[in-house]
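Have a look at the structure below, then the notes.
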Amino acid sequence: MSLCPCSSGRSLVECCQPVIDGVPAPSAESLMRARYTAFVSGRMDFLDRTLAPEKRDDVDHAEVEASAREAQGLGLDVRASQQDGDTATVEYVARFRLHGQQVAHHELARFRREGGEWLYVDGDVNPKAAPRVAAKVGRNDPCPCGSGQKYKKCCGA
């Protein structure tokens, strides 16, 4: 039993192989896992088939094939996955060894479901979290710790 390259901990036959062979992916995350597995195993036909039709002309197929040949897959880390009806996002980090160096590709990918099939639409590479907003506390405001005292007499002292 060989483990699936997508780092799910399951065998390739139980995990990504059925999706790559044509069984519809049950979720956007499972499609993302299958796309990673297809990339590291050189299945460019699957990558093209699961790409949104309007995006297919934008892809340099020769460049993708060359990258897949040169890259050795080191694993996939799915950080978050959200689905809202027929749209979904998957945040992931795909790790590769390329030209002797480890490379990480971090992306927030967008998917949509058409005719029961999930398709990769596009994504934001190296997504940044929204900046933290902290309310400024005045010296005479109640302390945010909940003590009931003024900030200057409590945590601001």
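Going through the structure tokens in order, the chains are called A, B, and so on, while each chain numbers its residues from 1 and the ligands are numbered from 1 in the order shown.
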
Using only C-alpha atoms, I'd like a table of the residues in segment 88-139 of chain A that come within 6 Å of segment 45-59 of chain A; for each, show the closest atom pair and its distance in Å rounded to one decimal, ordered by chain and ascending number, as a tab-separated table.
residue	atom	partner	partner_atom	distance
A:Leu119	CA	A:Thr50	CA	4.9
A:Tyr120	CA	A:Leu51	CA	4.9
A:Val121	CA	A:Ala52	CA	5.2

Considering only alpha helix (DSSP H) as DSSP defines it on the backbone, what residues of chain A qualify? List them as a ChimeraX atom specification.
/A:17-20,28-40,44-49,61-70

Name the residues in contact with Phe111 of chain A at a cut-off of 10 Å, using only C-alpha atoms, excluding same-chain residues fewer than 6 positions from it; report them as an mmCIF file with N, CA, C and O atoms, in the first residue's frame.
data_model
loop_
_atom_site.group_PDB
_atom_site.id
_atom_site.type_symbol
_atom_site.label_atom_id
_atom_site.label_comp_id
_atom_site.auth_asym_id
_atom_site.auth_seq_id
_atom_site.Cartn_x
_atom_site.Cartn_y
_atom_site.Cartn_z
ATOM 1 N N SER A 27 -15.719 17.054 -2.484
ATOM 2 C CA SER A 27 -15.555 18.404 -1.925
ATOM 3 C C SER A 27 -14.418 19.113 -2.650
ATOM 4 O O SER A 27 -13.617 18.484 -3.345
ATOM 5 N N ALA A 28 -14.366 20.425 -2.449
ATOM 6 C CA ALA A 28 -13.273 21.200 -3.041
ATOM 7 C C ALA A 28 -11.942 20.776 -2.443
ATOM 8 O O ALA A 28 -10.931 20.731 -3.143
ATOM 9 N N GLU A 29 -11.926 20.447 -1.153
ATOM 10 C CA GLU A 29 -10.668 20.005 -0.531
ATOM 11 C C GLU A 29 -10.174 18.708 -1.159
ATOM 12 O O GLU A 29 -8.985 18.568 -1.449
ATOM 13 N N LEU A 31 -10.763 17.719 -4.158
ATOM 14 C CA LEU A 31 -10.265 18.059 -5.495
ATOM 15 C C LEU A 31 -8.874 18.679 -5.391
ATOM 16 O O LEU A 31 -7.984 18.357 -6.174
ATOM 17 N N MET A 32 -8.654 19.551 -4.400
ATOM 18 C CA MET A 32 -7.335 20.172 -4.235
ATOM 19 C C MET A 32 -6.289 19.108 -3.952
ATOM 20 O O MET A 32 -5.192 19.133 -4.515
ATOM 21 N N THR A 50 -9.895 19.696 -14.584
ATOM 22 C CA THR A 50 -10.508 20.233 -13.362
ATOM 23 C C THR A 50 -10.279 21.731 -13.199
ATOM 24 O O THR A 50 -10.544 22.284 -12.135
ATOM 25 N N LEU A 51 -9.819 22.381 -14.258
ATOM 26 C CA LEU A 51 -9.635 23.832 -14.264
ATOM 27 C C LEU A 51 -10.876 24.461 -14.884
ATOM 28 O O LEU A 51 -11.422 23.942 -15.858
ATOM 29 N N ALA A 52 -11.332 25.578 -14.324
ATOM 30 C CA ALA A 52 -12.502 26.269 -14.869
ATOM 31 C C ALA A 52 -12.262 26.583 -16.345
ATOM 32 O O ALA A 52 -11.165 27.032 -16.708
ATOM 33 N N GLN A 83 -16.884 25.838 2.517
ATOM 34 C CA GLN A 83 -17.791 25.662 1.396
ATOM 35 C C GLN A 83 -19.060 26.438 1.669
ATOM 36 O O GLN A 83 -19.585 26.409 2.773
ATOM 37 N N ASP A 86 -22.298 26.172 -3.862
ATOM 38 C CA ASP A 86 -21.498 25.696 -4.993
ATOM 39 C C ASP A 86 -20.172 26.439 -5.139
ATOM 40 O O ASP A 86 -19.545 26.378 -6.194
ATOM 41 N N THR A 87 -19.742 27.150 -4.115
ATOM 42 C CA THR A 87 -18.429 27.788 -4.127
ATOM 43 C C THR A 87 -17.676 27.369 -2.860
ATOM 44 O O THR A 87 -18.289 27.034 -1.851
ATOM 45 N N ALA A 88 -16.376 27.389 -2.959
ATOM 46 C CA ALA A 88 -15.559 26.982 -1.813
ATOM 47 C C ALA A 88 -14.179 27.612 -1.918
ATOM 48 O O ALA A 88 -13.749 28.032 -2.999
ATOM 49 N N THR A 89 -13.501 27.676 -0.780
ATOM 50 C CA THR A 89 -12.096 28.084 -0.736
ATOM 51 C C THR A 89 -11.325 27.032 0.039
ATOM 52 O O THR A 89 -11.858 26.402 0.959
ATOM 53 N N VAL A 90 -10.078 26.858 -0.358
ATOM 54 C CA VAL A 90 -9.173 25.945 0.346
ATOM 55 C C VAL A 90 -7.841 26.665 0.492
ATOM 56 O O VAL A 90 -7.241 27.072 -0.504
ATOM 57 N N TRP A 118 -16.495 19.634 -9.045
ATOM 58 C CA TRP A 118 -15.742 20.776 -8.539
ATOM 59 C C TRP A 118 -14.677 21.166 -9.552
ATOM 60 O O TRP A 118 -14.045 20.311 -10.169
ATOM 61 N N LEU A 119 -14.473 22.487 -9.712
ATOM 62 C CA LEU A 119 -13.453 23.023 -10.612
ATOM 63 C C LEU A 119 -12.617 24.039 -9.865
ATOM 64 O O LEU A 119 -13.139 24.816 -9.061
ATOM 65 N N TYR A 120 -11.317 24.048 -10.143
ATOM 66 C CA TYR A 120 -10.417 25.073 -9.603
ATOM 67 C C TYR A 120 -10.604 26.324 -10.456
ATOM 68 O O TYR A 120 -10.537 26.268 -11.680
ATOM 69 N N VAL A 121 -10.864 27.472 -9.817
ATOM 70 C CA VAL A 121 -11.081 28.726 -10.540
ATOM 71 C C VAL A 121 -9.814 29.567 -10.539
ATOM 72 O O VAL A 121 -9.273 29.899 -11.583
ATOM 73 N N ASP A 122 -9.334 29.933 -9.373
ATOM 74 C CA ASP A 122 -8.107 30.720 -9.246
ATOM 75 C C ASP A 122 -7.735 30.788 -7.774
ATOM 76 O O ASP A 122 -8.371 30.149 -6.950
ATOM 77 N N GLY A 123 -6.714 31.576 -7.458
ATOM 78 C CA GLY A 123 -6.308 31.673 -6.068
ATOM 79 C C GLY A 123 -5.386 32.841 -5.825
ATOM 80 O O GLY A 123 -4.867 33.457 -6.757
#

Could you state the separation of atom CA of Arg97 of chain A and atom CA of Ala71 of chain A in Å, given to one decimal place?
5.7 Å

Check the smallest atom-to-atom distance from each of A:Asp124, A:Leu12, A:Ala94, A:Tyr151 to Lys136 of chain A using only C-alpha atoms, then report the winner.
A:Tyr151

With a distance cut-off of 12 Å and only C-alpha atoms, select the neighbouring residues of Ala135 of chain A, excluding the residue or stretch itself and same-chain residues fewer than 5 positions from it, and output the selection as a list of chain:residue names.
A:Asp141, A:Cys143, A:Pro144
